[in-house]
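> Provided herewith is a single structure, encoded as structure tokens, for subsequent inquiry.
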Amino acid sequence: MKQLTLALNWNASSGLDRFVAGSNGLALSYLRQAVAAPELPQTPTYLWGDAGSGKTHLLQAVRASLQQRGLQVGWLDASVPCHPGAAPEFDAHWQAIVLDDVDRFDAAQQHTAFNWFVHASTPANGQPCWVLAAGRLPTTDLPLREDLRTRLGWGQVFALQLLSDAEVKQALQEAAHHRGLALSEEVVAYMQRRFARDTGSLMALLQMLDEYALQNSRAITIPLIRQMLEEETY
């Protein structure tokens, strides 16, 4: 398995419509209904599953869908600094807050998330704010302060499953089609055989290949993939 040293910044802005659900149809259906409803859910929603199961994709897609409706959304993940004096404050104009990678939150991030949660649940004005969160562990196992951990489990909880090889293949081919790329069966099989097999990593690889193929005015082939990796090595 090749571990790429280049940053894999897969953009999940493709949205909910192009998310290959696999065994996660119930979660996808719920999120689609939630973002389309006149009023957002008033109870939290928590997604959990292994890396590559699509958690961040879904959270980013929900945020984009809500923003397209003109709604304001707060976002907090494990990369956002929350030390004293720098913690992002809750915005009363938000209609939803999204918390990603909650299992990786440090103490300061947990404090910020709990503060957001309290304001979202009991706003000074208007309706409660929808809380959508995700992590790798079920709520009962999250290494978080108890008041935050229990609140995350108050509402809808969905366990996301990794896609099968056939479903990952489908997702790759659909993403390639959306980009206007021709991705042969041989190339897909090579990508699945030689690289990390989770969907996020393979989609990021596809993005890199698209950019590299465009720069070199060539189609995506196995020799092109090898050339890209050789250049990366040096």
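Numbering starts fresh at 1 for the residues of each chain in the structure tokens, the chains themselves are lettered A, B, ... in the order given, and ligands are numbered from 1 as they appear.
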May I have all residues of segment 5-229 of chain A that DSSP, computed from the backbone, assigns to strand (DSSP E or B), given as a ChimeraX atom specification?

/A:45-48,73-76,96-99,130-135,156-159,195

> Please, which residues of segment 155-201 of chain A, numbered as in this document, come out alpha helix (DSSP H) from DSSP, as a PyMOL selection string?

chain A and resi 165-178+185-194+199-201

> Rounded to one decimal place, report the atom CA of Val157 of chain A-atom CA of Leu71 of chain A distance in Å.

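A separation of 23.3 Å between them.
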
> Report as a ChimeraX atom specification all protein, DNA and RNA residues lying within 10 Å of Ile225 of chain A, evaluated on only C-alpha atoms, omitting residues in the same chain fewer than 5 positions from it.

/A:187,190-191,205,208-209,212-213,220,230

> Take the selection from the previous step and output its residues with all heavy atoms, as a PDB file, in the first residue's frame.


ATOM      1  N   VAL A 187      -7.554   0.908 -14.365  1.00  0.00           N
ATOM      2  CA  VAL A 187      -7.044   1.974 -13.501  1.00  0.00           C
ATOM      3  C   VAL A 187      -7.719   1.930 -12.132  1.00  0.00           C
ATOM      4  O   VAL A 187      -7.069   2.064 -11.093  1.00  0.00           O
ATOM      5  CB  VAL A 187      -7.245   3.353 -14.168  1.00  0.00           C
ATOM      6  CG1 VAL A 187      -7.007   4.476 -13.161  1.00  0.00           C
ATOM      7  CG2 VAL A 187      -6.317   3.510 -15.348  1.00  0.00           C
ATOM      8  N   TYR A 190      -6.330  -0.884 -10.150  1.00  0.00           N
ATOM      9  CA  TYR A 190      -4.973  -0.567  -9.700  1.00  0.00           C
ATOM     10  C   TYR A 190      -5.003   0.372  -8.491  1.00  0.00           C
ATOM     11  O   TYR A 190      -4.274   0.171  -7.510  1.00  0.00           O
ATOM     12  CB  TYR A 190      -4.197   0.078 -10.857  1.00  0.00           C
ATOM     13  CG  TYR A 190      -2.759   0.408 -10.546  1.00  0.00           C
ATOM     14  CD1 TYR A 190      -1.766  -0.566 -10.651  1.00  0.00           C
ATOM     15  CD2 TYR A 190      -2.387   1.693 -10.155  1.00  0.00           C
ATOM     16  CE1 TYR A 190      -0.439  -0.267 -10.374  1.00  0.00           C
ATOM     17  CE2 TYR A 190      -1.064   1.997  -9.878  1.00  0.00           C
ATOM     18  CZ  TYR A 190      -0.094   1.020  -9.979  1.00  0.00           C
ATOM     19  OH  TYR A 190       1.221   1.310  -9.702  1.00  0.00           O
ATOM     20  N   MET A 191      -5.857   1.369  -8.557  1.00  0.00           N
ATOM     21  CA  MET A 191      -5.974   2.320  -7.449  1.00  0.00           C
ATOM     22  C   MET A 191      -6.428   1.613  -6.182  1.00  0.00           C
ATOM     23  O   MET A 191      -5.905   1.860  -5.088  1.00  0.00           O
ATOM     24  CB  MET A 191      -6.946   3.438  -7.815  1.00  0.00           C
ATOM     25  CG  MET A 191      -6.445   4.363  -8.907  1.00  0.00           C
ATOM     26  SD  MET A 191      -7.725   5.516  -9.504  1.00  0.00           S
ATOM     27  CE  MET A 191      -7.987   6.540  -8.049  1.00  0.00           C
ATOM     28  N   LEU A 205      -6.857  11.010  -4.133  1.00  0.00           N
ATOM     29  CA  LEU A 205      -5.931  10.552  -5.166  1.00  0.00           C
ATOM     30  C   LEU A 205      -6.476  10.880  -6.550  1.00  0.00           C
ATOM     31  O   LEU A 205      -5.736  11.330  -7.435  1.00  0.00           O
ATOM     32  CB  LEU A 205      -5.696   9.048  -5.028  1.00  0.00           C
ATOM     33  CG  LEU A 205      -4.856   8.392  -6.129  1.00  0.00           C
ATOM     34  CD1 LEU A 205      -3.450   8.992  -6.158  1.00  0.00           C
ATOM     35  CD2 LEU A 205      -4.793   6.880  -5.916  1.00  0.00           C
ATOM     36  N   MET A 208      -5.835  14.460  -7.303  1.00  0.00           N
ATOM     37  CA  MET A 208      -4.438  14.676  -7.653  1.00  0.00           C
ATOM     38  C   MET A 208      -4.161  14.212  -9.074  1.00  0.00           C
ATOM     39  O   MET A 208      -3.472  14.893  -9.846  1.00  0.00           O
ATOM     40  CB  MET A 208      -3.540  13.922  -6.668  1.00  0.00           C
ATOM     41  CG  MET A 208      -3.558  14.458  -5.250  1.00  0.00           C
ATOM     42  SD  MET A 208      -2.640  13.392  -4.099  1.00  0.00           S
ATOM     43  CE  MET A 208      -1.006  13.424  -4.819  1.00  0.00           C
ATOM     44  N   LEU A 209      -4.707  13.052  -9.433  1.00  0.00           N
ATOM     45  CA  LEU A 209      -4.491  12.511 -10.774  1.00  0.00           C
ATOM     46  C   LEU A 209      -5.117  13.405 -11.835  1.00  0.00           C
ATOM     47  O   LEU A 209      -4.544  13.605 -12.913  1.00  0.00           O
ATOM     48  CB  LEU A 209      -5.063  11.094 -10.870  1.00  0.00           C
ATOM     49  CG  LEU A 209      -4.291  10.011 -10.129  1.00  0.00           C
ATOM     50  CD1 LEU A 209      -5.086   8.708 -10.110  1.00  0.00           C
ATOM     51  CD2 LEU A 209      -2.932   9.785 -10.802  1.00  0.00           C
ATOM     52  N   TYR A 212      -2.800  16.325 -12.237  1.00  0.00           N
ATOM     53  CA  TYR A 212      -1.540  15.931 -12.863  1.00  0.00           C
ATOM     54  C   TYR A 212      -1.751  15.610 -14.341  1.00  0.00           C
ATOM     55  O   TYR A 212      -0.931  15.981 -15.193  1.00  0.00           O
ATOM     56  CB  TYR A 212      -0.964  14.718 -12.128  1.00  0.00           C
ATOM     57  CG  TYR A 212       0.416  14.316 -12.594  1.00  0.00           C
ATOM     58  CD1 TYR A 212       1.544  15.010 -12.154  1.00  0.00           C
ATOM     59  CD2 TYR A 212       0.590  13.246 -13.467  1.00  0.00           C
ATOM     60  CE1 TYR A 212       2.810  14.649 -12.573  1.00  0.00           C
ATOM     61  CE2 TYR A 212       1.860  12.873 -13.898  1.00  0.00           C
ATOM     62  CZ  TYR A 212       2.966  13.585 -13.458  1.00  0.00           C
ATOM     63  OH  TYR A 212       4.229  13.226 -13.884  1.00  0.00           O
ATOM     64  N   ALA A 213      -2.838  14.906 -14.657  1.00  0.00           N
ATOM     65  CA  ALA A 213      -3.134  14.567 -16.050  1.00  0.00           C
ATOM     66  C   ALA A 213      -3.369  15.827 -16.875  1.00  0.00           C
ATOM     67  O   ALA A 213      -2.939  15.925 -18.027  1.00  0.00           O
ATOM     68  CB  ALA A 213      -4.357  13.652 -16.115  1.00  0.00           C
ATOM     69  N   ILE A 220      -5.688   9.561 -17.773  1.00  0.00           N
ATOM     70  CA  ILE A 220      -5.269   8.849 -16.561  1.00  0.00           C
ATOM     71  C   ILE A 220      -5.094   7.371 -16.893  1.00  0.00           C
ATOM     72  O   ILE A 220      -6.049   6.673 -17.230  1.00  0.00           O
ATOM     73  CB  ILE A 220      -6.297   9.024 -15.437  1.00  0.00           C
ATOM     74  CG1 ILE A 220      -6.382  10.500 -15.029  1.00  0.00           C
ATOM     75  CG2 ILE A 220      -5.906   8.183 -14.215  1.00  0.00           C
ATOM     76  CD1 ILE A 220      -7.402  10.774 -13.932  1.00  0.00           C
ATOM     77  N   GLU A 230       6.616   8.571  -9.050  1.00  0.00           N
ATOM     78  CA  GLU A 230       8.085   8.661  -9.171  1.00  0.00           C
ATOM     79  C   GLU A 230       8.554  10.103  -9.010  1.00  0.00           C
ATOM     80  O   GLU A 230       9.536  10.386  -8.336  1.00  0.00           O
ATOM     81  CB  GLU A 230       8.538   8.105 -10.520  1.00  0.00           C
ATOM     82  CG  GLU A 230       8.426   6.596 -10.637  1.00  0.00           C
ATOM     83  CD  GLU A 230       8.744   6.104 -12.030  1.00  0.00           C
ATOM     84  OE1 GLU A 230       9.062   6.947 -12.898  1.00  0.00           O
ATOM     85  OE2 GLU A 230       8.679   4.874 -12.260  1.00  0.00           O
TER      86      GLU A 230
END

> Suppose you want the space between atom CA of Gly200 of chain A and atom CA of Lys55 of chain A; what is it in Å?

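We find that atom CA of Gly200 of chain A and atom CA of Lys55 of chain A lie 9.8 Å from each other.
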
> Please provide the set of residues having any atom within 12 Å of Ala86 of chain A, restricted to only C-alpha atoms, with same-chain residues fewer than 4 positions apart removed, written as a JSON list (two decimals) with all heavy atoms, in the first residue's frame.


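See part.json below for the written result:
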[["chain", "number", "residue", "atom", "x", "y", "z"],
["A", 80, "VAL", "N", -9.25, 23.42, 14.78],
["A", 80, "VAL", "CA", -9.55, 24.81, 15.13],
["A", 80, "VAL", "C", -9.00, 25.13, 16.53],
["A", 80, "VAL", "O", -9.40, 24.48, 17.50],
["A", 80, "VAL", "CB", -11.07, 25.07, 15.10],
["A", 80, "VAL", "CG1", -11.37, 26.50, 15.53],
["A", 80, "VAL", "CG2", -11.63, 24.79, 13.71],
["A", 81, "PRO", "N", -8.09, 26.10, 16.65],
["A", 81, "PRO", "CA", -7.55, 26.43, 17.97],
["A", 81, "PRO", "C", -8.61, 27.07, 18.86],
["A", 81, "PRO", "O", -9.36, 27.94, 18.41],
["A", 81, "PRO", "CB", -6.42, 27.42, 17.65],
["A", 81, "PRO", "CG", -6.79, 28.02, 16.33],
["A", 81, "PRO", "CD", -7.51, 26.93, 15.58],
["A", 82, "CYS", "N", -8.67, 26.62, 20.10],
["A", 82, "CYS", "CA", -9.67, 27.15, 21.03],
["A", 82, "CYS", "C", -9.05, 27.56, 22.36],
["A", 82, "CYS", "O", -9.73, 27.58, 23.38],
["A", 82, "CYS", "CB", -10.76, 26.10, 21.28],
["A", 82, "CYS", "SG", -11.82, 25.77, 19.86],
["A", 108, "ALA", "N", -9.80, 22.41, 25.62],
["A", 108, "ALA", "CA", -10.29, 23.73, 25.21],
["A", 108, "ALA", "C", -11.37, 23.61, 24.14],
["A", 108, "ALA", "O", -12.37, 24.34, 24.16],
["A", 108, "ALA", "CB", -9.13, 24.58, 24.71],
["A", 109, "GLN", "N", -11.18, 22.69, 23.21],
["A", 109, "GLN", "CA", -12.19, 22.49, 22.16],
["A", 109, "GLN", "C", -13.47, 21.91, 22.74],
["A", 109, "GLN", "O", -14.58, 22.27, 22.32],
["A", 109, "GLN", "CB", -11.62, 21.59, 21.07],
["A", 109, "GLN", "CG", -10.54, 22.26, 20.23],
["A", 109, "GLN", "CD", -9.70, 21.29, 19.44],
["A", 109, "GLN", "OE1", -9.60, 20.11, 19.77],
["A", 109, "GLN", "NE2", -9.08, 21.78, 18.38],
["A", 112, "THR", "N", -15.35, 24.77, 24.28],
["A", 112, "THR", "CA", -16.02, 25.56, 23.25],
["A", 112, "THR", "C", -17.23, 24.84, 22.71],
["A", 112, "THR", "O", -18.31, 25.44, 22.54],
["A", 112, "THR", "CB", -15.04, 25.88, 22.11],
["A", 112, "THR", "OG1", -13.94, 26.65, 22.61],
["A", 112, "THR", "CG2", -15.73, 26.66, 20.99]]

> Which residues come within 12 Å of Asn216 of chain A, counting only C-alpha atoms, excluding same-chain residues fewer than 5 positions away, as a ChimeraX atom specification?

/A:209-211,224-225,227-228

> Deliver the residues from the most recent selection as a file, using C-alpha atoms, as a PDB file, in the first residue's frame.


ATOM      1  CA  LEU A 209      -4.491  12.511 -10.774  1.00  0.00           C
ATOM      2  CA  ASP A 210      -6.945  14.834 -12.486  1.00  0.00           C
ATOM      3  CA  GLU A 211      -4.691  17.829 -11.845  1.00  0.00           C
ATOM      4  CA  LEU A 224       0.692   8.060 -15.609  1.00  0.00           C
ATOM      5  CA  ILE A 225       0.016   7.116 -11.980  1.00  0.00           C
ATOM      6  CA  GLN A 227       5.074   8.607 -13.266  1.00  0.00           C
ATOM      7  CA  MET A 228       3.333  10.895 -10.801  1.00  0.00           C
TER       8      MET A 228
END
